[in-house]
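Participant: Contents of final_3.cif (mmCIF, C-alpha atoms and all ligand atoms) are below:
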```cif
data_entry
#
loop_
_atom_site.label_atom_id
_atom_site.label_comp_id
_atom_site.auth_asym_id
_atom_site.auth_seq_id
_atom_site.Cartn_x
_atom_site.Cartn_y
_atom_site.Cartn_z
CA MET A 1 29.41 11.00 140.09
CA LEU A 2 32.50 10.91 137.86
CA THR A 3 33.59 14.32 139.10
CA GLN A 4 33.15 13.16 142.68
CA THR A 5 35.19 10.00 142.08
CA LEU A 6 38.01 11.95 140.48
CA ALA A 7 38.00 14.42 143.32
CA ASN A 8 38.26 11.53 145.77
CA ILE A 9 41.18 9.95 143.92
CA SER A 10 43.00 13.24 143.73
CA GLN A 11 42.24 14.07 147.35
CA ALA A 12 43.35 10.63 148.53
CA ALA A 13 46.59 10.96 146.61
CA GLU A 14 47.24 14.43 147.96
CA SER A 15 46.56 13.40 151.55
CA GLY A 16 48.58 10.19 151.33
CA LYS A 17 45.55 8.18 152.43
CA PHE A 18 44.87 5.00 150.54
CA CYS A 19 43.44 1.64 151.30
CA ALA A 20 46.09 -0.99 151.96
CA CYS A 21 44.19 -3.46 149.80
CA LEU A 22 45.20 -1.45 146.76
CA GLY A 23 48.11 -3.88 146.53
CA LYS A 24 51.49 -3.34 144.99
CA ARG A 25 50.21 -1.55 141.92
CA PRO A 26 48.60 1.85 141.84
CA ILE A 27 45.35 2.33 140.03
CA ALA A 28 47.50 4.76 138.11
CA ALA A 29 47.13 3.95 134.51
CA GLY A 30 45.43 0.75 133.71
CA GLY A 31 43.71 2.85 131.06
CA ASN A 32 40.29 1.38 130.65
CA ASP A 33 41.35 -1.39 132.97
CA VAL A 34 41.09 0.47 136.25
CA PRO A 35 39.42 -2.16 138.39
CA LYS A 36 36.20 -0.99 140.01
CA ALA A 37 37.01 -2.66 143.32
CA ARG A 38 40.20 -0.67 143.57
CA VAL A 39 38.50 2.57 142.78
CA HIS A 40 36.02 1.76 145.52
CA SER A 41 38.89 1.06 147.88
CA ILE A 42 40.37 4.44 147.22
CA ARG A 43 37.08 6.10 147.82
CA LYS A 44 37.01 4.63 151.31
CA GLY A 45 40.04 6.82 152.06
CA LEU A 46 41.64 4.38 154.47
CA PRO A 47 45.29 4.85 155.41
CA MET A 48 47.76 2.89 153.33
CA THR A 49 51.10 1.87 154.64
CA GLY A 50 54.38 1.92 152.76
CA TYR A 51 53.19 3.80 149.73
CA THR A 52 56.08 5.62 148.16
CA GLU A 53 56.15 9.19 147.05
CA MET A 54 56.68 7.99 143.51
CA ARG A 55 53.48 5.97 143.59
CA ARG A 56 51.66 8.91 145.18
CA ARG A 57 52.71 11.04 142.21
CA THR A 58 51.68 8.29 139.83
CA LEU A 59 48.25 8.21 141.43
CA LEU A 60 47.96 11.97 141.08
CA ALA A 61 48.81 11.61 137.41
CA ALA A 62 46.10 8.97 137.16
CA ALA A 63 43.58 11.34 138.68
CA ALA A 64 44.57 13.98 136.13
CA MET A 65 44.28 11.53 133.27
CA ALA A 66 41.17 9.90 134.67
CA PRO A 67 38.56 11.64 132.51
CA ALA A 68 40.01 9.97 129.43
CA MET A 69 40.52 6.72 131.30
CA PHE A 70 36.94 6.69 132.57
CA ALA A 71 35.62 7.59 129.16
CA ALA A 72 37.55 4.71 127.65
CA GLY A 73 36.37 2.47 130.48
CA ALA A 74 32.77 3.42 129.84
CA ALA A 75 33.19 2.71 126.14
CA SER A 76 34.80 -0.61 126.98
CA ALA A 77 32.04 -1.56 129.41
CA GLN A 78 29.48 -0.62 126.83
CA SER A 79 31.15 -2.64 124.12
CA ALA A 80 31.52 -5.62 126.46
CA CYS A 81 27.73 -5.64 126.66
CA GLN A 82 27.47 -5.98 122.89
CA MET A 83 28.73 -9.55 123.05
CA SER A 84 28.57 -11.52 119.79
CA ALA A 85 27.19 -15.02 119.77
CA SER A 86 29.87 -17.70 120.23
CA ASN A 87 32.02 -18.16 117.13
CA GLY A 88 32.98 -21.64 118.34
CA LYS A 89 36.59 -20.60 118.74
CA VAL A 90 38.95 -20.46 121.70
CA ALA A 91 41.54 -17.82 122.60
CA LEU A 92 44.27 -17.81 125.22
CA VAL A 93 45.83 -14.47 126.20
CA THR A 94 48.81 -14.47 128.54
CA GLY A 95 49.12 -11.59 131.00
CA SER A 96 45.47 -10.64 130.70
CA SER A 97 44.61 -9.63 134.25
CA ARG A 98 45.12 -5.98 133.30
CA GLY A 99 46.52 -3.66 130.66
CA ILE A 100 46.66 -4.67 127.01
CA GLY A 101 46.02 -8.33 127.78
CA ALA A 102 42.80 -7.63 129.71
CA ALA A 103 41.52 -5.38 126.91
CA THR A 104 42.37 -8.12 124.41
CA ALA A 105 40.57 -10.79 126.44
CA ARG A 106 37.47 -8.58 126.64
CA ARG A 107 37.60 -7.76 122.95
CA LEU A 108 38.03 -11.36 121.81
CA ALA A 109 35.22 -12.45 124.12
CA ARG A 110 33.07 -9.74 122.58
CA ASP A 111 33.92 -11.20 119.16
CA GLY A 112 32.59 -14.58 120.28
CA TYR A 113 35.71 -16.41 121.50
CA ALA A 114 35.80 -18.44 124.70
CA VAL A 115 38.79 -16.89 126.44
CA THR A 116 41.38 -18.11 128.92
CA VAL A 117 42.70 -15.23 131.00
CA ASN A 118 46.11 -15.51 132.67
CA CYS A 119 47.87 -13.73 135.52
CA VAL A 120 50.97 -14.30 137.60
CA VAL A 121 50.07 -12.53 140.88
CA ASN A 122 46.88 -10.49 140.47
CA ARG A 123 44.34 -13.28 140.76
CA ASP A 124 41.61 -10.86 141.82
CA LEU A 125 42.05 -8.87 138.63
CA ALA A 126 42.05 -11.99 136.45
CA ALA A 127 38.87 -13.17 138.15
CA GLY A 128 37.39 -9.71 137.61
CA VAL A 129 38.07 -9.84 133.86
CA VAL A 130 36.40 -13.25 133.69
CA LYS A 131 33.39 -12.03 135.66
CA GLU A 132 32.99 -9.02 133.37
CA ILE A 133 33.00 -11.30 130.32
CA GLU A 134 30.58 -13.76 131.88
CA ASP A 135 28.26 -11.01 133.08
CA ALA A 136 28.11 -9.78 129.49
CA GLY A 137 27.14 -13.26 128.29
CA GLY A 138 30.56 -14.53 127.17
CA ARG A 139 32.65 -17.51 128.20
CA ALA A 140 35.95 -17.20 130.05
CA THR A 141 38.13 -18.80 132.66
CA TRP A 142 41.33 -17.70 134.36
CA VAL A 143 44.54 -19.52 135.21
CA GLN A 144 47.45 -18.36 137.32
CA ALA A 145 50.69 -19.33 135.59
CA ASP A 146 54.12 -17.74 135.44
CA VAL A 147 55.12 -17.80 131.78
CA SER A 148 58.79 -17.98 132.75
CA ASP A 149 58.12 -21.54 134.01
CA PRO A 150 57.72 -23.98 131.10
CA ALA A 151 55.79 -26.49 133.23
CA ALA A 152 53.35 -23.76 134.27
CA VAL A 153 52.88 -22.76 130.64
CA ARG A 154 52.03 -26.36 129.77
CA ARG A 155 49.50 -26.45 132.60
CA LEU A 156 48.03 -23.18 131.34
CA PHE A 157 47.37 -24.66 127.90
CA GLU A 158 46.05 -27.89 129.41
CA ALA A 159 43.65 -25.96 131.62
CA ASN A 160 42.46 -24.02 128.58
CA GLU A 161 41.82 -27.27 126.71
CA ARG A 162 39.96 -28.77 129.65
CA ALA A 163 37.73 -25.71 129.84
CA PHE A 164 37.09 -25.02 126.17
CA GLY A 165 38.89 -27.51 123.90
CA PRO A 166 41.74 -26.86 121.43
CA VAL A 167 42.91 -23.31 121.06
CA ASP A 168 42.48 -21.18 117.91
CA VAL A 169 44.16 -17.93 118.97
CA VAL A 170 47.18 -17.45 121.25
CA VAL A 171 48.32 -13.98 122.23
CA SER A 172 51.73 -14.03 123.91
CA ASN A 173 51.28 -10.77 125.75
CA ALA A 174 52.70 -11.22 129.27
CA GLY A 175 55.72 -9.01 129.66
CA ILE A 176 57.64 -6.79 132.03
CA MET A 177 59.80 -3.72 131.55
CA ARG A 178 62.77 -2.65 133.66
CA LEU A 179 64.55 0.48 132.53
CA ALA A 180 68.14 1.51 133.18
CA THR A 181 71.17 2.52 131.22
CA PHE A 182 73.71 -0.19 130.44
CA ARG A 183 75.88 1.20 133.22
CA ASP A 184 73.16 0.91 135.84
CA MET A 185 71.11 -2.14 134.80
CA THR A 186 71.19 -4.78 137.54
CA ASP A 187 71.62 -8.50 136.92
CA ASP A 188 68.28 -9.17 138.60
CA ASP A 189 66.33 -6.81 136.36
CA PHE A 190 68.10 -8.01 133.22
CA ASN A 191 67.57 -11.65 134.09
CA ARG A 192 63.90 -11.21 134.96
CA MET A 193 63.21 -9.53 131.60
CA VAL A 194 64.98 -12.37 129.83
CA ASP A 195 63.04 -14.93 131.89
CA VAL A 196 59.60 -13.42 131.27
CA ASN A 197 59.88 -11.72 127.89
CA LEU A 198 62.41 -13.82 126.02
CA LYS A 199 62.08 -17.28 127.57
CA GLY A 200 58.46 -16.91 128.68
CA SER A 201 57.20 -15.92 125.27
CA PHE A 202 59.20 -18.78 123.73
CA TYR A 203 57.52 -21.29 126.06
CA VAL A 204 54.12 -19.85 125.12
CA LEU A 205 54.83 -19.86 121.38
CA ARG A 206 56.19 -23.42 121.60
CA GLU A 207 52.94 -24.64 123.14
CA ALA A 208 51.03 -22.61 120.58
CA ALA A 209 52.99 -24.25 117.74
CA ARG A 210 52.05 -27.64 119.12
CA ARG A 211 48.40 -26.95 119.84
CA VAL A 212 46.82 -24.15 117.77
CA ARG A 213 44.25 -25.50 115.36
CA ASP A 214 44.65 -25.13 111.61
CA GLY A 215 43.49 -21.71 110.44
CA GLY A 216 44.38 -20.14 113.78
CA ARG A 217 46.34 -17.07 114.79
CA ILE A 218 49.40 -16.56 116.98
CA ILE A 219 50.44 -13.06 118.05
CA ALA A 220 53.51 -12.05 120.08
CA LEU A 221 53.74 -8.63 121.68
CA SER A 222 56.78 -6.68 120.58
CA SER A 223 57.09 -2.89 121.04
CA SER A 224 57.71 0.16 118.88
CA ILE A 225 60.78 0.69 121.06
CA THR A 226 62.50 -1.62 118.56
CA LEU A 227 62.35 1.40 116.22
CA LEU A 228 62.45 4.25 118.75
CA ARG A 229 65.58 2.86 120.47
CA SER A 230 65.57 5.29 123.40
CA PRO A 231 68.33 5.33 126.03
CA SER A 232 67.74 3.02 129.02
CA TYR A 233 65.49 0.69 127.01
CA GLY A 234 68.35 -1.51 125.69
CA PRO A 235 67.71 -4.92 127.28
CA TYR A 236 63.91 -4.49 127.19
CA ALA A 237 64.04 -3.55 123.51
CA ALA A 238 66.21 -6.60 122.80
CA THR A 239 63.66 -8.94 124.40
CA LYS A 240 60.92 -7.28 122.34
CA ALA A 241 62.86 -7.46 119.07
CA ALA A 242 63.05 -11.20 119.66
CA GLN A 243 59.25 -11.39 119.35
CA GLU A 244 59.50 -10.15 115.78
CA LEU A 245 61.97 -12.88 114.88
CA TYR A 246 59.96 -15.51 116.74
CA ALA A 247 56.80 -14.58 114.81
CA ASN A 248 58.40 -14.48 111.39
CA ILE A 249 60.21 -17.80 111.75
CA LEU A 250 57.33 -19.60 113.47
CA GLY A 251 55.01 -18.45 110.69
CA LYS A 252 57.27 -20.22 108.19
CA GLU A 253 57.52 -23.37 110.31
CA LEU A 254 53.73 -23.69 110.37
CA GLU A 255 53.44 -23.70 106.58
CA GLY A 256 50.47 -25.44 105.07
CA ARG A 257 48.28 -25.06 108.14
CA MET A 258 46.82 -21.63 107.40
CA ILE A 259 48.02 -20.34 110.78
CA SER A 260 49.11 -16.71 110.64
CA VAL A 261 51.78 -15.64 113.13
CA ASN A 262 52.62 -12.00 113.68
CA ALA A 263 54.35 -9.69 116.11
CA LEU A 264 52.42 -6.65 117.28
CA ALA A 265 54.43 -3.58 118.26
CA PRO A 266 52.46 -1.03 120.28
CA GLY A 267 53.80 2.45 120.98
CA LEU A 268 53.13 4.30 124.22
CA VAL A 269 50.14 2.67 125.89
CA ASN A 270 48.34 3.87 128.97
CA THR A 271 49.11 0.97 131.34
CA THR A 272 51.16 0.71 134.50
CA LEU A 273 53.98 -0.90 132.51
CA PHE A 274 54.47 2.44 130.76
CA THR A 275 53.31 4.99 133.35
CA ASP A 276 54.67 3.48 136.57
CA GLY A 277 57.53 5.58 137.90
CA LYS A 278 56.94 8.46 135.50
CA THR A 279 55.77 11.88 136.62
CA ARG A 280 52.61 13.47 135.33
CA GLU A 281 54.75 15.91 133.36
CA GLN A 282 56.79 13.13 131.79
CA ILE A 283 53.64 11.28 130.75
CA ALA A 284 52.15 14.45 129.28
CA GLY A 285 55.43 15.03 127.44
CA PHE A 286 55.30 11.57 125.88
CA ALA A 287 51.66 12.06 124.86
CA ALA A 288 52.57 15.39 123.23
CA ARG A 289 55.12 13.61 121.03
CA THR A 290 52.43 11.53 119.36
CA PRO A 291 50.64 12.90 116.26
CA HIS A 292 47.25 12.31 117.91
CA LYS A 293 48.45 13.97 121.14
CA ARG A 294 47.49 11.11 123.39
CA LEU A 295 48.80 7.82 124.67
CA GLY A 296 47.40 4.68 123.14
CA GLU A 297 44.73 2.95 125.19
CA PRO A 298 44.76 -0.83 125.75
CA SER A 299 41.61 -1.02 123.63
CA ASP A 300 43.50 0.51 120.67
CA ILE A 301 45.87 -2.44 120.74
CA ALA A 302 43.09 -4.96 121.35
CA ASP A 303 41.31 -3.63 118.26
CA THR A 304 44.38 -4.34 116.11
CA ILE A 305 44.70 -7.82 117.59
CA ALA A 306 41.04 -8.47 116.83
CA ALA A 307 41.62 -7.37 113.24
CA LEU A 308 44.54 -9.79 112.88
CA CYS A 309 42.38 -12.56 114.32
CA SER A 310 39.49 -11.85 111.96
CA ALA A 311 39.00 -13.63 108.64
CA ASP A 312 40.19 -10.46 106.90
CA GLY A 313 43.52 -10.57 108.78
CA GLY A 314 44.62 -14.00 107.59
CA TRP A 315 46.90 -12.82 104.79
CA ILE A 316 49.02 -10.81 107.23
CA ASN A 317 51.59 -13.43 108.21
CA GLY A 318 55.13 -13.27 109.56
CA GLN A 319 54.98 -9.48 109.90
CA THR A 320 55.54 -6.96 112.65
CA VAL A 321 52.47 -4.75 112.85
CA PHE A 322 53.29 -1.36 114.38
CA THR A 323 50.25 0.02 116.17
CA ASN A 324 51.44 3.23 117.73
CA GLY A 325 49.38 6.18 116.50
CA GLY A 326 52.28 7.26 114.33
CA ILE A 327 54.91 8.11 116.95
CA VAL A 328 57.60 6.46 114.88
N1 LIG A 401 52.27 -0.40 127.75
C1 LIG A 401 53.04 -0.09 126.74
O1 LIG A 401 53.33 1.11 126.49
C2 LIG A 401 53.58 -1.18 125.84
C3 LIG A 401 54.20 -0.77 124.65
C4 LIG A 401 54.72 -1.74 123.82
C5 LIG A 401 54.63 -3.08 124.13
N2 LIG A 401 54.01 -3.45 125.30
C6 LIG A 401 53.97 -4.88 125.58
O2 LIG A 401 52.62 -5.27 125.77
C7 LIG A 401 52.53 -6.33 126.71
C8 LIG A 401 51.53 -5.99 127.78
O3 LIG A 401 51.96 -4.80 128.40
P1 LIG A 401 51.01 -3.96 129.39
O4 LIG A 401 51.41 -2.55 129.21
O5 LIG A 401 49.62 -4.35 129.24
O6 LIG A 401 51.59 -4.47 130.80
P2 LIG A 401 50.94 -4.44 132.24
O7 LIG A 401 49.79 -3.50 132.30
O8 LIG A 401 52.08 -4.28 133.19
O9 LIG A 401 50.33 -5.93 132.41
C9 LIG A 401 51.22 -6.99 132.36
C10 LIG A 401 50.43 -8.29 132.39
O10 LIG A 401 51.36 -9.36 132.28
C11 LIG A 401 51.20 -10.23 133.38
N3 LIG A 401 52.49 -10.82 133.71
C12 LIG A 401 53.63 -10.21 134.07
N4 LIG A 401 54.59 -11.11 134.30
C13 LIG A 401 54.03 -12.32 134.05
C14 LIG A 401 54.50 -13.65 134.12
N5 LIG A 401 55.77 -13.93 134.50
N6 LIG A 401 53.65 -14.66 133.82
C15 LIG A 401 52.37 -14.40 133.46
N7 LIG A 401 51.86 -13.16 133.39
C16 LIG A 401 52.70 -12.14 133.67
C17 LIG A 401 50.62 -9.39 134.48
O11 LIG A 401 49.96 -10.22 135.43
P3 LIG A 401 49.74 -9.75 136.97
O12 LIG A 401 48.62 -8.75 136.94
O13 LIG A 401 49.38 -11.00 137.67
O14 LIG A 401 51.03 -9.14 137.42
C18 LIG A 401 49.67 -8.52 133.68
O15 LIG A 401 48.48 -9.20 133.40
C19 LIG A 401 53.96 -6.55 127.23
O16 LIG A 401 54.54 -7.65 126.58
C20 LIG A 401 54.67 -5.26 126.87
O17 LIG A 401 56.04 -5.47 126.66
C21 LIG A 401 53.49 -2.53 126.15
#
```
Would you write the structure of this file as structure tokens?
Ligand SMILES: NC(=O)c1ccc[n+]([C@@H]2O[C@H](COP(=O)([O-])OP(=O)(O)OC[C@H]3O[C@@H](n4cnc5c(N)ncnc54)[C@H](OP(=O)(O)O)[C@@H]3O)[C@@H](O)[C@H]2O)c1
Facilitator:
Amino acid sequence: MLTQTLANISQAAESGKFCACLGKRPIAAGGNDVPKARVHSIRKGLPMTGYTEMRRRTLLAAAAMAPAMFAAGAASAQSACQMSASNGKVALVTGSSRGIGAATARRLARDGYAVTVNCVVNRDLAAGVVKEIEDAGGRATWVQADVSDPAAVRRLFEANERAFGPVDVVVSNAGIMRLATFRDMTDDDFNRMVDVNLKGSFYVLREAARRVRDGGRIIALSSSITLLRSPSYGPYAATKAAQELYANILGKELEGRMISVNALAPGLVNTTLFTDGKTREQIAGFAARTPHKRLGEPSDIADTIAALCSADGGWINGQTVFTNGGIV
């Protein structure tokens, strides 16, 4: 079954035949977040219009990496079934329709949180994450909201409160990455990163500061690129470094309320944010640079977030937690 599916993905990529309903993103490397519906679409082998050669190569890379991805997916599906009883707490994870955010939403739901899932365009994926959680016996809802719009962020928090009550955990995860050297970076790409990563996370953290219950947790996603400092990552790295300052200073501002605020800095994680636009060889090269010889999976990052949210994680406050398998 698995072998057959992989063969179909690879064959579809080779032949240039895909289903148009795959949407703008390839199934490439959502890690354990490859949506079943999209895999099914690929297996239909329908022609897809306008798919670029780059995305074709990305899909081929996904097929090559799929055994690990499917294994992780199976583990994730299995763990989703082992849902804890409700812990009476509420979590809101921005950008949780796929990638690290989706893995975090699933993991927190598994730990007993009622979870609000958020997307900006991929409503079907957000709904799919919610359905998975509900099918496993958990509680979740999803809200479409662009974090770069402060009014939308307010509505996101209000919707969460209407569904589940005051929030205990906020993960400011939504983010985008546009890479180019200083010479080649466009205004549009620079501005969009500032809008989503720098301003968007601020809007989310501001609402969190106003609403998170005493004893809660706030986590902002930085990146290990703040240490790696590779060429072409300049503006992206700057928006991620800001998360570390946000977390440290917000943690101090919330003194006396037992709310721990941290930045989390993943390394190379198997999501479209990292793999999109890279060749199979480039991805393999990055994986080879890590001590464990693999990319991180979204579930690796979700596990660290769950640890910070646990009772045992409370004393970690105002820090940047690097969760990167040792690449830096
Ligand atoms: N992957 C890595 O290697 C890596 C490494 C270090 C740090 N990080 C950080 O980890 C976070 C998650 O990354 P990822 O790899 O999981 O990314 P991803 O797979 O590309 O997923 C991004 C998520 O953010 C959402 N999103 C994007 N723009 C948004 C906006 N304006 N408003 C609300 N939601 C928005 C997307 O929603 P839609 O599905 O609706 O588009 C999606 O759910 C980011 O902050 C990233 O900087 C990632």
Participant: Write out as a ChimeraX atom specification which residues come within 12 Å of Pro150 in chain A when counting all atoms listed in the file, dropping same-chain ones fewer than 6 positions away.
Facilitator: /A:156-157,195-196,199-207
Participant: Please save C-alpha atoms of the selected residues as an mmCIF file, in the frame of the given file.
Facilitator:
```
data_model
loop_
_atom_site.group_PDB
_atom_site.id
_atom_site.type_symbol
_atom_site.label_atom_id
_atom_site.label_comp_id
_atom_site.auth_asym_id
_atom_site.auth_seq_id
_atom_site.Cartn_x
_atom_site.Cartn_y
_atom_site.Cartn_z
ATOM 1 C CA LEU A 156 48.030 -23.180 131.340
ATOM 2 C CA PHE A 157 47.370 -24.660 127.900
ATOM 3 C CA ASP A 195 63.040 -14.930 131.890
ATOM 4 C CA VAL A 196 59.600 -13.420 131.270
ATOM 5 C CA LYS A 199 62.080 -17.280 127.570
ATOM 6 C CA GLY A 200 58.460 -16.910 128.680
ATOM 7 C CA SER A 201 57.200 -15.920 125.270
ATOM 8 C CA PHE A 202 59.200 -18.780 123.730
ATOM 9 C CA TYR A 203 57.520 -21.290 126.060
ATOM 10 C CA VAL A 204 54.120 -19.850 125.120
ATOM 11 C CA LEU A 205 54.830 -19.860 121.380
ATOM 12 C CA ARG A 206 56.190 -23.420 121.600
ATOM 13 C CA GLU A 207 52.940 -24.640 123.140
#
```
Participant: Please compute the CA of His292 in chain A-atom P3 of ligand LIG 401 (chain A) distance, one decimal, in Å.
Facilitator: 29.3 Å
Participant: Tell me which of A:Phe322, A:Tyr113, A:Phe274, A:Trp315 sits closest to ligand LIG 401 (chain A), counting only C-alpha atoms and all ligand atoms.
Facilitator: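 Counting only C-alpha atoms and all ligand atoms, the residue closest to ligand LIG 401 (chain A) is A:Phe274.
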Participant: I want to know what sits within 9 Å of range 250-264 of chain A, based on all atoms listed in the file, with residues of the same chain fewer than 4 positions away left out; could you give that as a ChimeraX atom specification?
Facilitator: /A:205,209,212-224,243-246,301,304-305,308-309,313-323
Participant: What are the nearest atom pairs, with distances in Å to one decimal, for all residues of chain A that come at most 8 Å from ligand LIG 401 (chain A), using all atoms listed in the file, set out by chain and rising residue number as a Markdown table?
Facilitator:
```
| residue | atom | partner | partner_atom | distance |
| --- | --- | --- | --- | --- |
| A:Gly30 | CA | A:LIG401 | O7 | 6.2 |
| A:Thr94 | CA | A:LIG401 | N7 | 5.9 |
| A:Gly95 | CA | A:LIG401 | O10 | 3.4 |
| A:Ser96 | CA | A:LIG401 | O15 | 4.3 |
| A:Ser97 | CA | A:LIG401 | O15 | 4.0 |
| A:Arg98 | CA | A:LIG401 | O15 | 4.7 |
| A:Gly99 | CA | A:LIG401 | O5 | 3.5 |
| A:Ile100 | CA | A:LIG401 | O5 | 3.7 |
| A:Gly101 | CA | A:LIG401 | O5 | 5.6 |
| A:Ala102 | CA | A:LIG401 | O15 | 7.0 |
| A:Asn118 | CA | A:LIG401 | N7 | 6.3 |
| A:Cys119 | CA | A:LIG401 | O13 | 3.8 |
| A:Val120 | CA | A:LIG401 | O13 | 3.7 |
| A:Val121 | CA | A:LIG401 | O13 | 3.6 |
| A:Asn122 | CA | A:LIG401 | O13 | 3.8 |
| A:Arg123 | CA | A:LIG401 | O13 | 6.3 |
| A:Leu125 | CA | A:LIG401 | O12 | 6.8 |
| A:Ala126 | CA | A:LIG401 | O12 | 7.3 |
| A:Gln144 | CA | A:LIG401 | C15 | 7.4 |
| A:Ala145 | CA | A:LIG401 | C15 | 5.6 |
| A:Asp146 | CA | A:LIG401 | N6 | 3.5 |
| A:Val147 | CA | A:LIG401 | N6 | 4.0 |
| A:Ser148 | CA | A:LIG401 | N5 | 5.3 |
| A:Asp149 | CA | A:LIG401 | N5 | 8.0 |
| A:Ser172 | CA | A:LIG401 | O16 | 7.5 |
| A:Asn173 | CA | A:LIG401 | O16 | 4.6 |
| A:Ala174 | CA | A:LIG401 | O10 | 3.8 |
| A:Gly175 | CA | A:LIG401 | O16 | 3.6 |
| A:Ile176 | CA | A:LIG401 | C12 | 5.7 |
| A:Met177 | CA | A:LIG401 | O17 | 6.4 |
| A:Asp195 | CA | A:LIG401 | N5 | 7.8 |
| A:Val196 | CA | A:LIG401 | N5 | 5.0 |
| A:Asn197 | CA | A:LIG401 | O16 | 6.8 |
| A:Gly200 | CA | A:LIG401 | N5 | 7.1 |
| A:Ala220 | CA | A:LIG401 | O16 | 7.9 |
| A:Leu221 | CA | A:LIG401 | O16 | 5.1 |
| A:Ser222 | CA | A:LIG401 | C5 | 5.5 |
| A:Ser223 | CA | A:LIG401 | C4 | 3.8 |
| A:Ser224 | CA | A:LIG401 | C4 | 6.1 |
| A:Ile225 | CA | A:LIG401 | C4 | 7.1 |
| A:Tyr236 | CA | A:LIG401 | O17 | 7.9 |
| A:Lys240 | CA | A:LIG401 | O17 | 6.8 |
| A:Ala265 | CA | A:LIG401 | C4 | 5.9 |
| A:Pro266 | CA | A:LIG401 | C4 | 4.3 |
| A:Gly267 | CA | A:LIG401 | C3 | 4.9 |
| A:Leu268 | CA | A:LIG401 | O1 | 3.9 |
| A:Val269 | CA | A:LIG401 | O1 | 3.6 |
| A:Asn270 | CA | A:LIG401 | N1 | 5.9 |
| A:Thr271 | CA | A:LIG401 | O7 | 4.6 |
| A:Thr272 | CA | A:LIG401 | O7 | 4.9 |
| A:Leu273 | CA | A:LIG401 | O8 | 3.9 |
| A:Phe274 | CA | A:LIG401 | O1 | 4.6 |
| A:Thr275 | CA | A:LIG401 | N1 | 7.8 |
| A:Gly296 | CA | A:LIG401 | O1 | 7.7 |
| A:Pro298 | CA | A:LIG401 | O5 | 6.9 |
```
Participant: Could you jot down the CA of Leu92 in chain A to CA of Pro166 in chain A separation for me, Å, one decimal place?
Facilitator: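 CA of Leu92 in chain A sits 10.1 Å away from CA of Pro166 in chain A.
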Participant: Looking at A:Ala114, A:Ala237, A:Ala208, A:Leu228, which one is nearest to Met193 in chain A, with distances taken over all atoms listed in the file?
Facilitator: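 Checking each of A:Ala114, A:Ala237, A:Ala208, A:Leu228 against Met193 in chain A, counting all atoms listed in the file, the winner is A:Ala237.
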Participant: Using the partial input, fill out range 153-164 of chain A with N, CA and C atoms; write the result as a PDB file, in the frame of the given file.
Facilitator:
```
ATOM      1  N   VAL A 153      53.461 -23.113 131.942  1.00  0.00           N
ATOM      2  CA  VAL A 153      52.880 -22.760 130.640  1.00  0.00           C
ATOM      3  C   VAL A 153      52.141 -23.974 130.068  1.00  0.00           C
ATOM      4  N   ARG A 154      52.730 -25.151 130.232  1.00  0.00           N
ATOM      5  CA  ARG A 154      52.030 -26.360 129.770  1.00  0.00           C
ATOM      6  C   ARG A 154      50.715 -26.534 130.506  1.00  0.00           C
ATOM      7  N   ARG A 155      50.747 -26.303 131.814  1.00  0.00           N
ATOM      8  CA  ARG A 155      49.500 -26.450 132.600  1.00  0.00           C
ATOM      9  C   ARG A 155      48.472 -25.414 132.166  1.00  0.00           C
ATOM     10  N   LEU A 156      48.939 -24.227 131.810  1.00  0.00           N
ATOM     11  CA  LEU A 156      48.030 -23.180 131.340  1.00  0.00           C
ATOM     12  C   LEU A 156      47.273 -23.640 130.086  1.00  0.00           C
ATOM     13  N   PHE A 157      48.009 -24.185 129.143  1.00  0.00           N
ATOM     14  CA  PHE A 157      47.370 -24.660 127.900  1.00  0.00           C
ATOM     15  C   PHE A 157      46.453 -25.855 128.175  1.00  0.00           C
ATOM     16  N   GLU A 158      46.900 -26.733 129.077  1.00  0.00           N
ATOM     17  CA  GLU A 158      46.050 -27.890 129.410  1.00  0.00           C
ATOM     18  C   GLU A 158      44.756 -27.443 130.060  1.00  0.00           C
ATOM     19  N   ALA A 159      44.863 -26.462 130.950  1.00  0.00           N
ATOM     20  CA  ALA A 159      43.650 -25.960 131.620  1.00  0.00           C
ATOM     21  C   ALA A 159      42.707 -25.327 130.601  1.00  0.00           C
ATOM     22  N   ASN A 160      43.286 -24.614 129.637  1.00  0.00           N
ATOM     23  CA  ASN A 160      42.460 -24.020 128.580  1.00  0.00           C
ATOM     24  C   ASN A 160      41.723 -25.114 127.805  1.00  0.00           C
ATOM     25  N   GLU A 161      42.448 -26.192 127.489  1.00  0.00           N
ATOM     26  CA  GLU A 161      41.820 -27.270 126.710  1.00  0.00           C
ATOM     27  C   GLU A 161      40.737 -27.978 127.506  1.00  0.00           C
ATOM     28  N   ARG A 162      40.996 -28.136 128.821  1.00  0.00           N
ATOM     29  CA  ARG A 162      39.960 -28.770 129.650  1.00  0.00           C
ATOM     30  C   ARG A 162      38.693 -27.912 129.684  1.00  0.00           C
ATOM     31  N   ALA A 163      38.889 -26.608 129.726  1.00  0.00           N
ATOM     32  CA  ALA A 163      37.730 -25.710 129.840  1.00  0.00           C
ATOM     33  C   ALA A 163      36.990 -25.570 128.522  1.00  0.00           C
ATOM     34  N   PHE A 164      37.738 -25.417 127.424  1.00  0.00           N
ATOM     35  CA  PHE A 164      37.090 -25.020 126.170  1.00  0.00           C
ATOM     36  C   PHE A 164      37.444 -25.866 124.956  1.00  0.00           C
TER      37      PHE A 164
END
```
